[in-house]
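Text of final-v5.cif (mmCIF, C-alpha atoms and all ligand atoms) as supplied:
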```
data_data
#
loop_
_atom_site.label_atom_id
_atom_site.label_comp_id
_atom_site.auth_asym_id
_atom_site.auth_seq_id
_atom_site.Cartn_x
_atom_site.Cartn_y
_atom_site.Cartn_z
CA MET A 1 -10.20 -11.10 -30.22
CA SER A 2 -7.92 -12.42 -27.50
CA VAL A 3 -8.74 -11.52 -23.93
CA LEU A 4 -5.24 -10.02 -23.71
CA ASP A 5 -6.10 -7.15 -26.05
CA ASN A 6 -9.59 -6.18 -24.98
CA SER A 7 -8.33 -3.18 -23.02
CA PRO A 8 -9.00 0.17 -24.74
CA ASN A 9 -5.87 1.58 -23.07
CA ALA A 10 -3.59 -1.19 -24.30
CA LYS A 11 -4.52 -0.40 -27.91
CA LEU A 12 -3.20 3.18 -27.82
CA ASP A 13 0.19 4.01 -29.29
CA LYS A 14 2.54 4.27 -26.33
CA THR A 15 5.12 6.48 -28.04
CA LEU A 16 2.94 9.47 -28.99
CA LEU A 17 2.49 10.94 -25.52
CA ASP A 18 6.21 11.48 -25.28
CA LYS A 19 5.98 14.10 -28.04
CA TYR A 20 3.71 16.27 -25.88
CA LEU A 21 5.43 15.64 -22.58
CA ARG A 22 8.59 17.03 -24.17
CA LEU A 23 6.89 20.43 -24.68
CA PRO A 24 8.44 22.79 -22.14
CA LEU A 25 6.24 23.92 -19.24
CA PRO A 26 5.81 27.70 -19.01
CA GLU A 27 8.16 29.30 -16.48
CA GLY A 28 7.04 28.74 -12.90
CA LYS A 29 4.13 26.43 -13.71
CA VAL A 30 3.75 23.18 -11.78
CA GLN A 31 1.35 20.31 -12.56
CA ALA A 32 0.13 18.74 -9.34
CA THR A 33 -1.78 15.47 -9.02
CA TYR A 34 -3.77 15.39 -5.77
CA ILE A 35 -4.28 11.81 -4.50
CA TRP A 36 -6.67 10.54 -1.83
CA VAL A 37 -8.36 7.40 -0.48
CA ASP A 38 -12.05 7.14 -1.44
CA GLY A 39 -15.02 5.93 0.60
CA THR A 40 -14.22 2.26 0.05
CA GLY A 41 -11.11 2.73 2.18
CA GLU A 42 -9.08 0.77 -0.36
CA ASN A 43 -9.24 2.60 -3.69
CA VAL A 44 -7.33 5.73 -4.63
CA ARG A 45 -8.65 8.70 -6.59
CA ALA A 46 -6.68 11.51 -8.18
CA LYS A 47 -7.18 14.78 -10.04
CA ASP A 48 -4.83 17.38 -11.45
CA ARG A 49 -4.36 21.12 -11.20
CA THR A 50 -1.84 23.76 -12.19
CA LEU A 51 0.07 25.74 -9.57
CA ASP A 52 1.92 29.00 -10.28
CA PHE A 53 4.73 28.20 -7.88
CA LEU A 54 6.38 25.18 -6.26
CA PRO A 55 5.44 25.21 -2.57
CA LYS A 56 8.15 24.17 -0.11
CA ALA A 57 6.21 22.02 2.37
CA PRO A 58 2.94 20.02 2.08
CA LYS A 59 1.18 22.58 4.29
CA ASP A 60 2.00 25.31 1.76
CA TYR A 61 -0.02 23.56 -0.96
CA PRO A 62 -3.53 24.89 -1.58
CA ILE A 63 -6.37 23.04 0.13
CA TRP A 64 -8.72 21.74 -2.59
CA THR A 65 -12.17 20.14 -2.76
CA TYR A 66 -13.89 17.40 -4.74
CA ASP A 67 -17.33 15.88 -5.15
CA GLY A 68 -17.60 13.36 -2.33
CA SER A 69 -21.00 12.13 -3.57
CA SER A 70 -19.12 10.52 -6.47
CA THR A 71 -16.57 8.73 -4.26
CA TYR A 72 -18.96 7.12 -1.71
CA GLN A 73 -18.03 9.85 0.78
CA SER A 74 -21.01 12.17 1.07
CA GLU A 75 -24.55 12.92 -0.06
CA GLY A 76 -25.28 15.08 -3.11
CA ARG A 77 -26.86 17.85 -1.02
CA ASN A 78 -23.65 18.51 0.90
CA SER A 79 -21.03 17.01 -1.31
CA ASP A 80 -17.82 19.03 -1.07
CA ILE A 81 -14.98 17.18 0.65
CA TYR A 82 -11.75 18.98 1.50
CA LEU A 83 -8.31 17.76 0.45
CA TYR A 84 -5.57 18.63 2.92
CA PRO A 85 -2.10 18.00 1.43
CA VAL A 86 0.11 15.94 3.78
CA ALA A 87 3.02 14.53 1.71
CA VAL A 88 4.59 15.46 -1.62
CA TYR A 89 6.43 13.26 -4.14
CA LYS A 90 8.05 13.84 -7.54
CA ASP A 91 5.70 12.88 -10.37
CA PRO A 92 7.21 9.99 -12.38
CA PHE A 93 4.56 10.38 -15.13
CA LYS A 94 4.79 14.08 -15.99
CA THR A 95 8.56 14.38 -16.08
CA GLY A 96 10.34 17.46 -17.42
CA GLY A 97 9.23 20.05 -14.86
CA ASN A 98 8.80 20.31 -11.11
CA ASN A 99 5.60 18.27 -11.25
CA VAL A 100 4.38 16.60 -8.11
CA LEU A 101 2.12 13.97 -6.58
CA VAL A 102 0.34 15.40 -3.55
CA LEU A 103 -1.02 12.87 -1.05
CA CYS A 104 -4.01 14.27 0.85
CA GLU A 105 -6.20 13.61 3.87
CA THR A 106 -9.94 14.06 3.40
CA TYR A 107 -12.20 16.22 5.62
CA ASN A 108 -15.96 16.78 5.74
CA TYR A 109 -17.64 20.19 5.44
CA ASN A 110 -17.40 20.55 9.24
CA LYS A 111 -13.61 19.99 9.09
CA GLU A 112 -13.92 16.59 10.77
CA PRO A 113 -11.92 13.74 9.17
CA THR A 114 -14.09 11.66 6.81
CA GLU A 115 -14.93 8.08 7.77
CA SER A 116 -12.23 6.79 5.40
CA ASN A 117 -9.56 9.19 6.64
CA LYS A 118 -7.64 6.73 8.83
CA ARG A 119 -4.49 8.83 8.66
CA ARG A 120 -5.55 11.39 11.26
CA ALA A 121 -5.77 8.88 14.13
CA CYS A 122 -2.51 7.26 13.06
CA ALA A 123 -0.65 10.58 12.91
CA GLU A 124 -1.96 11.41 16.39
CA ALA A 125 -0.65 8.11 17.78
CA ALA A 126 2.67 8.48 15.93
CA GLU A 127 3.09 11.95 17.40
CA ARG A 128 2.57 10.63 20.94
CA ALA A 129 5.00 7.76 20.30
CA VAL A 130 7.62 9.88 18.58
CA ASP A 131 10.32 9.35 21.25
CA THR A 132 10.27 5.57 20.73
CA LYS A 133 11.09 6.04 17.03
CA PRO A 134 8.68 3.47 15.54
CA TRP A 135 9.75 2.03 12.17
CA PHE A 136 7.47 0.22 9.75
CA GLY A 137 8.25 -1.88 6.67
CA ILE A 138 5.29 -3.21 4.69
CA GLU A 139 5.35 -6.05 2.15
CA GLN A 140 2.63 -5.32 -0.40
CA GLU A 141 1.43 -8.41 -2.25
CA TYR A 142 -0.89 -8.00 -5.25
CA THR A 143 -2.16 -9.79 -8.35
CA LEU A 144 -2.28 -8.59 -11.96
CA LEU A 145 -5.53 -9.28 -13.83
CA ASP A 146 -6.77 -8.94 -17.39
CA MET A 147 -9.90 -6.92 -18.20
CA ASP A 148 -12.04 -10.00 -17.59
CA GLY A 149 -10.74 -10.35 -14.03
CA ARG A 150 -8.62 -13.42 -14.79
CA PRO A 151 -5.02 -13.42 -13.44
CA TRP A 152 -2.71 -12.05 -16.14
CA GLY A 153 -1.24 -14.78 -18.34
CA TRP A 154 -3.48 -17.58 -17.04
CA PRO A 155 -5.09 -19.77 -19.70
CA THR A 156 -8.65 -18.68 -20.53
CA ASN A 157 -9.97 -22.19 -20.11
CA GLY A 158 -8.14 -23.99 -17.34
CA PHE A 159 -5.35 -23.26 -14.92
CA PRO A 160 -1.58 -22.93 -14.84
CA GLY A 161 0.44 -25.77 -13.30
CA PRO A 162 0.36 -25.99 -9.47
CA GLN A 163 2.30 -23.56 -7.27
CA GLY A 164 5.99 -24.27 -6.79
CA PRO A 165 8.07 -22.80 -9.64
CA TYR A 166 6.69 -19.25 -9.57
CA TYR A 167 7.97 -17.60 -6.35
CA CYS A 168 11.01 -15.47 -7.30
CA GLY A 169 10.67 -17.18 -10.67
CA VAL A 170 12.50 -16.34 -13.88
CA GLY A 171 11.36 -17.26 -17.38
CA ALA A 172 8.41 -16.76 -19.72
CA ASP A 173 6.51 -19.75 -18.30
CA LYS A 174 7.09 -18.66 -14.67
CA VAL A 175 6.33 -14.92 -14.45
CA PHE A 176 3.95 -12.62 -16.28
CA ALA A 177 4.19 -8.84 -16.92
CA ARG A 178 7.53 -8.17 -15.28
CA GLU A 179 7.50 -4.88 -17.29
CA VAL A 180 4.92 -3.48 -14.88
CA VAL A 181 7.02 -4.47 -11.87
CA GLU A 182 10.26 -2.99 -13.23
CA ALA A 183 8.57 0.24 -14.31
CA HIS A 184 6.92 0.54 -10.90
CA TYR A 185 10.17 -0.04 -9.02
CA ARG A 186 12.03 2.71 -10.85
CA ALA A 187 9.09 5.13 -10.82
CA CYS A 188 8.73 4.74 -7.04
CA LEU A 189 12.41 5.41 -6.39
CA TYR A 190 12.24 8.44 -8.68
CA ALA A 191 9.19 9.73 -6.79
CA GLY A 192 11.00 9.57 -3.45
CA ILE A 193 9.33 6.45 -2.06
CA ASP A 194 11.55 4.19 0.07
CA LEU A 195 10.96 1.11 -2.05
CA ALA A 196 12.99 -1.65 -0.39
CA GLY A 197 12.64 -4.40 -2.99
CA THR A 198 10.34 -6.58 -5.04
CA ASN A 199 9.80 -10.25 -5.92
CA ALA A 200 7.54 -12.57 -7.88
CA GLU A 201 5.11 -14.38 -5.56
CA VAL A 202 3.87 -17.94 -5.10
CA MET A 203 0.81 -17.73 -7.39
CA PRO A 204 1.46 -16.93 -11.06
CA ALA A 205 0.67 -13.22 -11.82
CA GLN A 206 1.10 -12.45 -8.11
CA TRP A 207 3.90 -10.06 -7.10
CA GLU A 208 5.19 -8.21 -4.06
CA PHE A 209 7.01 -4.99 -3.34
CA GLN A 210 8.31 -3.81 0.03
CA VAL A 211 8.28 -0.26 1.38
CA GLY A 212 10.46 0.89 4.26
CA PRO A 213 11.67 0.79 6.85
CA GLY A 214 10.21 4.23 7.41
CA GLU A 215 9.79 6.12 10.66
CA GLY A 216 6.37 7.29 11.85
CA MET A 217 4.05 8.07 8.94
CA LYS A 218 6.60 7.75 6.14
CA CYS A 219 6.00 4.05 5.35
CA ALA A 220 2.20 4.26 5.22
CA ASP A 221 2.28 7.46 3.14
CA ASP A 222 4.79 5.87 0.77
CA LEU A 223 2.64 2.76 0.45
CA TRP A 224 -0.46 4.67 -0.64
CA VAL A 225 1.51 6.57 -3.27
CA ALA A 226 3.24 3.35 -4.41
CA ARG A 227 -0.23 1.81 -4.87
CA TYR A 228 -1.30 4.83 -6.93
CA ILE A 229 1.80 4.54 -9.14
CA LEU A 230 1.21 0.81 -9.63
CA HIS A 231 -2.41 1.31 -10.73
CA ARG A 232 -1.32 4.10 -13.09
CA ILE A 233 1.44 2.09 -14.76
CA ALA A 234 -0.69 -1.04 -15.11
CA GLU A 235 -3.44 1.15 -16.63
CA GLU A 236 -1.10 1.99 -19.52
CA TYR A 237 -0.58 -1.70 -20.24
CA GLY A 238 -4.27 -2.56 -20.01
CA ILE A 239 -3.62 -4.55 -16.85
CA VAL A 240 -5.75 -4.35 -13.70
CA VAL A 241 -4.13 -4.48 -10.25
CA THR A 242 -6.08 -6.19 -7.50
CA PHE A 243 -5.23 -6.00 -3.82
CA ASP A 244 -7.96 -8.51 -3.00
CA PRO A 245 -6.56 -10.83 -0.32
CA LYS A 246 -7.84 -14.00 -2.04
CA PRO A 247 -8.37 -13.37 -5.74
CA MET A 248 -8.46 -17.07 -6.62
CA ALA A 249 -10.24 -19.56 -4.38
CA GLY A 250 -8.75 -23.02 -3.96
CA ASN A 251 -5.15 -24.08 -3.82
CA TRP A 252 -3.71 -20.66 -4.63
CA ASN A 253 -1.96 -18.33 -2.20
CA GLY A 254 -3.76 -15.19 -1.08
CA SER A 255 -2.18 -11.77 -0.69
CA GLY A 256 -1.13 -10.03 2.49
CA ALA A 257 0.58 -6.86 3.59
CA HIS A 258 2.95 -8.17 6.27
CA CYS A 259 3.87 -5.30 8.55
CA ASN A 260 7.40 -5.33 9.98
CA PHE A 261 7.60 -3.20 13.09
CA SER A 262 10.27 -2.05 15.52
CA THR A 263 11.01 0.61 18.09
CA LYS A 264 14.38 2.10 18.99
CA ALA A 265 14.58 -0.22 22.03
CA MET A 266 13.90 -3.29 19.86
CA ARG A 267 16.71 -2.35 17.51
CA GLU A 268 19.25 -1.96 20.32
CA ASP A 269 21.25 -4.80 21.95
CA ASN A 270 18.99 -7.37 23.63
CA GLY A 271 16.00 -5.70 21.98
CA ILE A 272 14.52 -9.20 21.73
CA ILE A 273 13.16 -8.63 25.26
CA GLU A 274 11.20 -5.61 23.97
CA ILE A 275 10.04 -7.63 20.97
CA GLU A 276 8.72 -10.37 23.28
CA LYS A 277 6.94 -7.77 25.43
CA ALA A 278 5.25 -6.38 22.32
CA ILE A 279 4.19 -9.89 21.24
CA ASP A 280 2.67 -10.45 24.69
CA LYS A 281 0.63 -7.24 24.35
CA LEU A 282 -0.43 -8.22 20.83
CA SER A 283 -1.60 -11.62 22.07
CA LYS A 284 -4.18 -9.84 24.26
CA GLN A 285 -5.51 -7.62 21.44
CA HIS A 286 -5.93 -10.12 18.60
CA LEU A 287 -9.50 -9.09 17.78
CA ARG A 288 -8.71 -5.37 17.75
CA HIS A 289 -5.95 -6.02 15.24
CA ILE A 290 -8.03 -8.31 13.03
CA GLN A 291 -10.66 -5.55 12.89
CA ALA A 292 -8.03 -3.00 11.83
CA TYR A 293 -6.27 -5.22 9.29
CA ASP A 294 -8.71 -5.11 6.37
CA PRO A 295 -11.23 -2.49 5.22
CA LYS A 296 -14.20 -4.67 6.20
CA GLY A 297 -13.21 -5.27 9.79
CA GLY A 298 -12.01 -8.85 9.26
CA LYS A 299 -14.43 -10.05 6.58
CA ASP A 300 -11.88 -9.88 3.77
CA ASN A 301 -9.19 -11.59 5.82
CA LEU A 302 -11.61 -14.39 6.67
CA ARG A 303 -11.09 -15.70 3.12
CA ARG A 304 -7.29 -15.51 3.46
CA LEU A 305 -6.29 -16.34 7.05
CA THR A 306 -7.28 -19.99 6.88
CA GLY A 307 -4.21 -21.57 8.46
CA LEU A 308 -3.17 -22.84 5.01
CA HIS A 309 -0.98 -21.22 2.33
CA GLU A 310 1.54 -19.66 4.75
CA THR A 311 -1.11 -18.06 6.95
CA SER A 312 -2.34 -18.44 10.52
CA SER A 313 -6.02 -18.96 11.36
CA ILE A 314 -7.95 -15.71 11.78
CA HIS A 315 -9.39 -17.10 15.03
CA ASP A 316 -6.13 -17.70 16.88
CA PHE A 317 -3.10 -15.70 17.89
CA SER A 318 0.30 -17.33 17.55
CA ALA A 319 3.94 -16.31 17.36
CA GLY A 320 7.18 -18.05 16.49
CA VAL A 321 10.71 -17.78 15.17
CA ALA A 322 10.84 -18.21 11.37
CA ASN A 323 7.24 -19.53 11.46
CA ARG A 324 5.28 -18.44 8.39
CA GLY A 325 2.16 -20.11 9.75
CA ALA A 326 2.02 -17.78 12.77
CA SER A 327 0.31 -14.42 13.33
CA ILE A 328 3.64 -12.92 14.35
CA ARG A 329 6.97 -14.15 13.00
CA ILE A 330 10.33 -13.32 14.52
CA PRO A 331 12.71 -13.51 11.55
CA ARG A 332 15.55 -16.04 12.02
CA GLY A 333 18.21 -13.31 11.83
CA VAL A 334 16.46 -11.28 14.53
CA ALA A 335 16.41 -14.28 16.91
CA GLU A 336 20.12 -14.82 16.26
CA ASP A 337 21.09 -11.14 16.74
CA LYS A 338 18.71 -10.84 19.72
CA LYS A 339 17.51 -7.52 18.32
CA GLY A 340 15.65 -6.07 15.34
CA TYR A 341 11.93 -6.24 14.57
CA LEU A 342 8.83 -8.41 14.47
CA GLU A 343 6.69 -9.28 11.47
CA ASP A 344 2.90 -9.08 11.82
CA ARG A 345 1.66 -11.38 9.06
CA ARG A 346 -2.05 -10.69 9.56
CA PRO A 347 -2.72 -7.47 7.59
CA SER A 348 -4.63 -8.08 4.37
CA SER A 349 -3.20 -6.87 1.06
CA ASN A 350 -6.05 -4.33 0.81
CA CYS A 351 -5.53 -3.03 4.35
CA ASP A 352 -5.25 0.66 5.08
CA PRO A 353 -1.65 0.93 6.32
CA TYR A 354 -2.70 3.86 8.53
CA SER A 355 -5.07 1.56 10.45
CA VAL A 356 -2.37 -1.11 10.75
CA CYS A 357 0.37 1.25 12.00
CA ASN A 358 -2.14 2.97 14.28
CA ALA A 359 -3.13 -0.32 15.94
CA LEU A 360 0.50 -1.42 16.38
CA ILE A 361 1.53 1.89 17.98
CA ARG A 362 -1.49 1.95 20.31
CA THR A 363 -1.12 -1.68 21.44
CA CYS A 364 2.66 -2.01 21.62
CA ILE A 365 3.81 1.51 22.56
CA LEU A 366 0.93 3.49 24.05
CA ASP A 367 -0.54 0.50 25.96
CA GLU A 368 -4.11 1.43 25.04
P1 LIG A 401 10.00 -11.64 4.14
O1 LIG A 401 11.16 -12.53 4.49
O2 LIG A 401 8.95 -11.70 5.19
O3 LIG A 401 9.49 -11.89 2.77
P2 LIG A 401 10.87 -9.01 3.11
O4 LIG A 401 12.32 -8.99 2.78
O5 LIG A 401 9.93 -9.13 1.97
O6 LIG A 401 10.61 -10.15 4.23
O7 LIG A 401 10.48 -7.68 3.87
C1 LIG A 401 11.13 -7.25 5.03
C2 LIG A 401 10.62 -5.85 5.38
O8 LIG A 401 11.06 -5.53 6.68
C3 LIG A 401 11.08 -4.74 4.47
O9 LIG A 401 9.97 -3.95 4.09
C4 LIG A 401 12.00 -3.90 5.35
O10 LIG A 401 11.92 -2.53 5.04
C5 LIG A 401 11.42 -4.17 6.73
N1 LIG A 401 12.36 -3.96 7.85
C6 LIG A 401 13.66 -4.30 7.95
N2 LIG A 401 14.18 -3.95 9.13
C7 LIG A 401 13.18 -3.37 9.84
C8 LIG A 401 13.07 -2.80 11.15
N3 LIG A 401 14.11 -2.74 12.00
N4 LIG A 401 11.86 -2.30 11.53
C9 LIG A 401 10.81 -2.36 10.70
N5 LIG A 401 10.85 -2.88 9.47
C10 LIG A 401 12.01 -3.38 9.03
MN MN A 402 8.37 -10.55 1.55
MN MN A 403 5.37 -12.40 0.24
MN MN A 404 6.83 -11.40 5.04
#
```
Would you mind writing the structure in this file as structure tokens?
Amino acid sequence: MSVLDNSPNAKLDKTLLDKYLRLPLPEGKVQATYIWVDGTGENVRAKDRTLDFLPKAPKDYPIWTYDGSSTYQSEGRNSDIYLYPVAVYKDPFKTGGNNVLVLCETYNYNKEPTESNKRRACAEAAERAVDTKPWFGIEQEYTLLDMDGRPWGWPTNGFPGPQGPYYCGVGADKVFAREVVEAHYRACLYAGIDLAGTNAEVMPAQWEFQVGPGEGMKCADDLWVARYILHRIAEEYGIVVTFDPKPMAGNWNGSGAHCNFSTKAMREDNGIIEIEKAIDKLSKQHLRHIQAYDPKGGKDNLRRLTGLHETSSIHDFSAGVANRGASIRIPRGVAEDKKGYLEDRRPSSNCDPYSVCNALIRTCILDE
């Protein structure tokens, strides 16, 4: 048996489900998939329920619970965790009906946010910064793996040729599993996610999609749901998605989640002055940001931010125009227009975007 067909999911007939999804839903019924971040801070969980009506706003959706002792979020004795709906998307999987994906925050029995609920603090900061109109655009890099944890399409014994031809590559020897990428792109747009674009990355089987620019919480919410949709689509193909920031050691690029950030003042004429002020503030809070930019407080990024492979060293702060070896890059076009946004290249691909946006708002806007 080839390693490429050892996934139980990949063996199933992919046309049969369609027969059942074409069955009409009873009048008024809605299938809702509730989605949340589990105790690892980087994996998503989901479960489904039927609603008898289509609520108008997220707050009108029923609060639900789940067993937090099975998601690394509580002990068995006191295991119920609350799901508070915060954002709603169209479901690209259960089409033919008003079915929805419901992104949720998680709360303990005492109604305090769980340890892995990073959204609450971010929403608080975004609310206080609302007048400055913060925009975020996140570039999500990731790698596709087979069931044995090997990058998809890599030879079982040995390695593909060295990096060079793969970034934005075209052709059967350059890119692997474009199906997943195309399906994900369309499904995200259908769902209502502001997917900005996508491209093949530097390492074979590594890809990127961009979300945004979105104001306030929109980009981070979209990113979590886009991650859910990606895992779900890849699951059908028997492909595993990893957001590990350095899936292959050695001379292979790691994965980041560059966060592009601007305020209203930065986007206006001569906004470059505001951008430089923000960079100055960021230079004094390097450690705080490194701690917020991966789920293990910097440990994951230690493997990626080496100073090689288009990264800066985790130990130093740096900034520069068009410099992909800096912590912060001012894109060439922004320097020329003297307005726009900055790119923080430090966030790890498995970062929680709520922690990243939260840190940027607090450092650059709220001066905390
Ligand atoms: P790169 O050249 O670094 O690969 P990409 O084209 O992949 O850049 O991503 C650029 C990102 O910047 C996109 O996600 C886009 O939404 C975002 N972006 C563009 N303008 C702004 C802005 N004014 N504020 C915040 N983000 C922005
Ligand atoms: Mn990019
Ligand atoms: Mn990239
Ligand atoms: Mn980038």
Contacts of ligand MN 404 (chain A), 8 Å or closer, only C-alpha atoms and all ligand atoms, given as a ChimeraX atom specification: /A:139,257-260,324,343,345
Could you save the residues just selected, with C-alpha atoms, as a short mmCIF file (atom, residue, chain, number, x, y, z; two decimals), keeping the file's coordinate frame?
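This went into again_23.cif:
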```cif
data_model
loop_
_atom_site.label_atom_id
_atom_site.label_comp_id
_atom_site.auth_asym_id
_atom_site.auth_seq_id
_atom_site.Cartn_x
_atom_site.Cartn_y
_atom_site.Cartn_z
CA GLU A 139 5.35 -6.05 2.15
CA ALA A 257 0.58 -6.86 3.59
CA HIS A 258 2.95 -8.17 6.27
CA CYS A 259 3.87 -5.30 8.55
CA ASN A 260 7.40 -5.33 9.98
CA ARG A 324 5.28 -18.44 8.39
CA GLU A 343 6.69 -9.28 11.47
CA ARG A 345 1.66 -11.38 9.06
#
```
With ligand LIG 401 (chain A) as the partner and 7 Å as the cut-off, tabulate the residues of chain A that qualify, each row holding the nearest pair of atoms and their distance in Å to one decimal, using all atoms listed in the file, sorted by chain and rising number, as JSON lines.
```
{"residue": "A:Trp135", "atom": "CA", "partner": "A:LIG401", "partner_atom": "C9", "distance": 4.7}
{"residue": "A:Phe136", "atom": "CA", "partner": "A:LIG401", "partner_atom": "C9", "distance": 4.3}
{"residue": "A:Gly137", "atom": "CA", "partner": "A:LIG401", "partner_atom": "O9", "distance": 3.7}
{"residue": "A:Ile138", "atom": "CA", "partner": "A:LIG401", "partner_atom": "O9", "distance": 4.8}
{"residue": "A:Glu139", "atom": "CA", "partner": "A:LIG401", "partner_atom": "O9", "distance": 5.4}
{"residue": "A:Ala196", "atom": "CA", "partner": "A:LIG401", "partner_atom": "O10", "distance": 5.6}
{"residue": "A:Gln210", "atom": "CA", "partner": "A:LIG401", "partner_atom": "O9", "distance": 4.4}
{"residue": "A:Val211", "atom": "CA", "partner": "A:LIG401", "partner_atom": "O9", "distance": 4.9}
{"residue": "A:Gly212", "atom": "CA", "partner": "A:LIG401", "partner_atom": "O10", "distance": 3.8}
{"residue": "A:Pro213", "atom": "CA", "partner": "A:LIG401", "partner_atom": "O10", "distance": 3.8}
{"residue": "A:Asn260", "atom": "CA", "partner": "A:LIG401", "partner_atom": "N5", "distance": 4.3}
{"residue": "A:Phe261", "atom": "CA", "partner": "A:LIG401", "partner_atom": "C9", "distance": 4.1}
{"residue": "A:Ser262", "atom": "CA", "partner": "A:LIG401", "partner_atom": "N4", "distance": 4.3}
{"residue": "A:Arg267", "atom": "CA", "partner": "A:LIG401", "partner_atom": "N3", "distance": 6.1}
{"residue": "A:Gly340", "atom": "CA", "partner": "A:LIG401", "partner_atom": "N3", "distance": 5.0}
{"residue": "A:Tyr341", "atom": "CA", "partner": "A:LIG401", "partner_atom": "N3", "distance": 4.9}
```
Please write the residues from the selection above to a file, keeping C-alpha atoms, as a PDB file, keeping the file's coordinate frame.
```pdb
ATOM      1  CA  TRP A 135       9.750   2.030  12.170  1.00  0.00           C
ATOM      2  CA  PHE A 136       7.470   0.220   9.750  1.00  0.00           C
ATOM      3  CA  GLY A 137       8.250  -1.880   6.670  1.00  0.00           C
ATOM      4  CA  ILE A 138       5.290  -3.210   4.690  1.00  0.00           C
ATOM      5  CA  GLU A 139       5.350  -6.050   2.150  1.00  0.00           C
ATOM      6  CA  ALA A 196      12.990  -1.650  -0.390  1.00  0.00           C
ATOM      7  CA  GLN A 210       8.310  -3.810   0.030  1.00  0.00           C
ATOM      8  CA  VAL A 211       8.280  -0.260   1.380  1.00  0.00           C
ATOM      9  CA  GLY A 212      10.460   0.890   4.260  1.00  0.00           C
ATOM     10  CA  PRO A 213      11.670   0.790   6.850  1.00  0.00           C
ATOM     11  CA  ASN A 260       7.400  -5.330   9.980  1.00  0.00           C
ATOM     12  CA  PHE A 261       7.600  -3.200  13.090  1.00  0.00           C
ATOM     13  CA  SER A 262      10.270  -2.050  15.520  1.00  0.00           C
ATOM     14  CA  ARG A 267      16.710  -2.350  17.510  1.00  0.00           C
ATOM     15  CA  GLY A 340      15.650  -6.070  15.340  1.00  0.00           C
ATOM     16  CA  TYR A 341      11.930  -6.240  14.570  1.00  0.00           C
TER      17      TYR A 341
END
```
Residues of chain A within 7 Å of ligand MN 403 (chain A): nearest atom pair and distance (Å, one decimal) for each, counting all atoms listed in the file, sorted by chain and number, as CSV?
```
residue,atom,partner,partner_atom,distance
A:Glu139,CA,A:MN403,MN,6.6
A:Glu141,CA,A:MN403,MN,6.1
A:Glu201,CA,A:MN403,MN,6.1
A:Glu208,CA,A:MN403,MN,6.0
```
Restrict the calculation to all atoms listed in the file, then for each residue of region 194-280 of chain A with any atom at most 12 Å from an atom of region 75-93 of chain A give the closest atom pair and their distance in Å to one decimal, rows by chain and rising residue number, as a Markdown table.
```
| residue | atom | partner | partner_atom | distance |
| --- | --- | --- | --- | --- |
| A:Asp194 | CA | A:Tyr89 | CA | 11.2 |
| A:Met217 | CA | A:Ala87 | CA | 9.8 |
| A:Lys218 | CA | A:Ala87 | CA | 8.9 |
| A:Cys219 | CA | A:Ala87 | CA | 11.5 |
| A:Ala220 | CA | A:Ala87 | CA | 10.9 |
| A:Asp221 | CA | A:Ala87 | CA | 7.3 |
| A:Asp222 | CA | A:Ala87 | CA | 8.9 |
| A:Leu223 | CA | A:Ala87 | CA | 11.8 |
| A:Trp224 | CA | A:Ala87 | CA | 10.7 |
| A:Val225 | CA | A:Tyr89 | CA | 8.3 |
| A:Ala226 | CA | A:Tyr89 | CA | 10.4 |
| A:Tyr228 | CA | A:Asp91 | CA | 11.2 |
| A:Ile229 | CA | A:Pro92 | CA | 8.3 |
| A:Leu230 | CA | A:Pro92 | CA | 11.3 |
| A:Arg232 | CA | A:Phe93 | CA | 8.8 |
| A:Ile233 | CA | A:Phe93 | CA | 8.9 |
| A:Glu236 | CA | A:Phe93 | CA | 11.0 |
```
Neighbours of Asn199 (chain A) within 9 Å (only C-alpha atoms; same-chain residues fewer than 5 positions away dropped), as an mmCIF file with C-alpha atoms, in the frame of the given file?
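And here is the file that came out, around31.cif:
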```
data_model
loop_
_atom_site.group_PDB
_atom_site.id
_atom_site.type_symbol
_atom_site.label_atom_id
_atom_site.label_comp_id
_atom_site.auth_asym_id
_atom_site.auth_seq_id
_atom_site.Cartn_x
_atom_site.Cartn_y
_atom_site.Cartn_z
ATOM 1 C CA TYR A 167 7.970 -17.600 -6.350
ATOM 2 C CA CYS A 168 11.010 -15.470 -7.300
ATOM 3 C CA GLY A 169 10.670 -17.180 -10.670
ATOM 4 C CA VAL A 181 7.020 -4.470 -11.870
ATOM 5 C CA TRP A 207 3.900 -10.060 -7.100
ATOM 6 C CA GLU A 208 5.190 -8.210 -4.060
ATOM 7 C CA PHE A 209 7.010 -4.990 -3.340
ATOM 8 C CA GLN A 210 8.310 -3.810 0.030
#
```
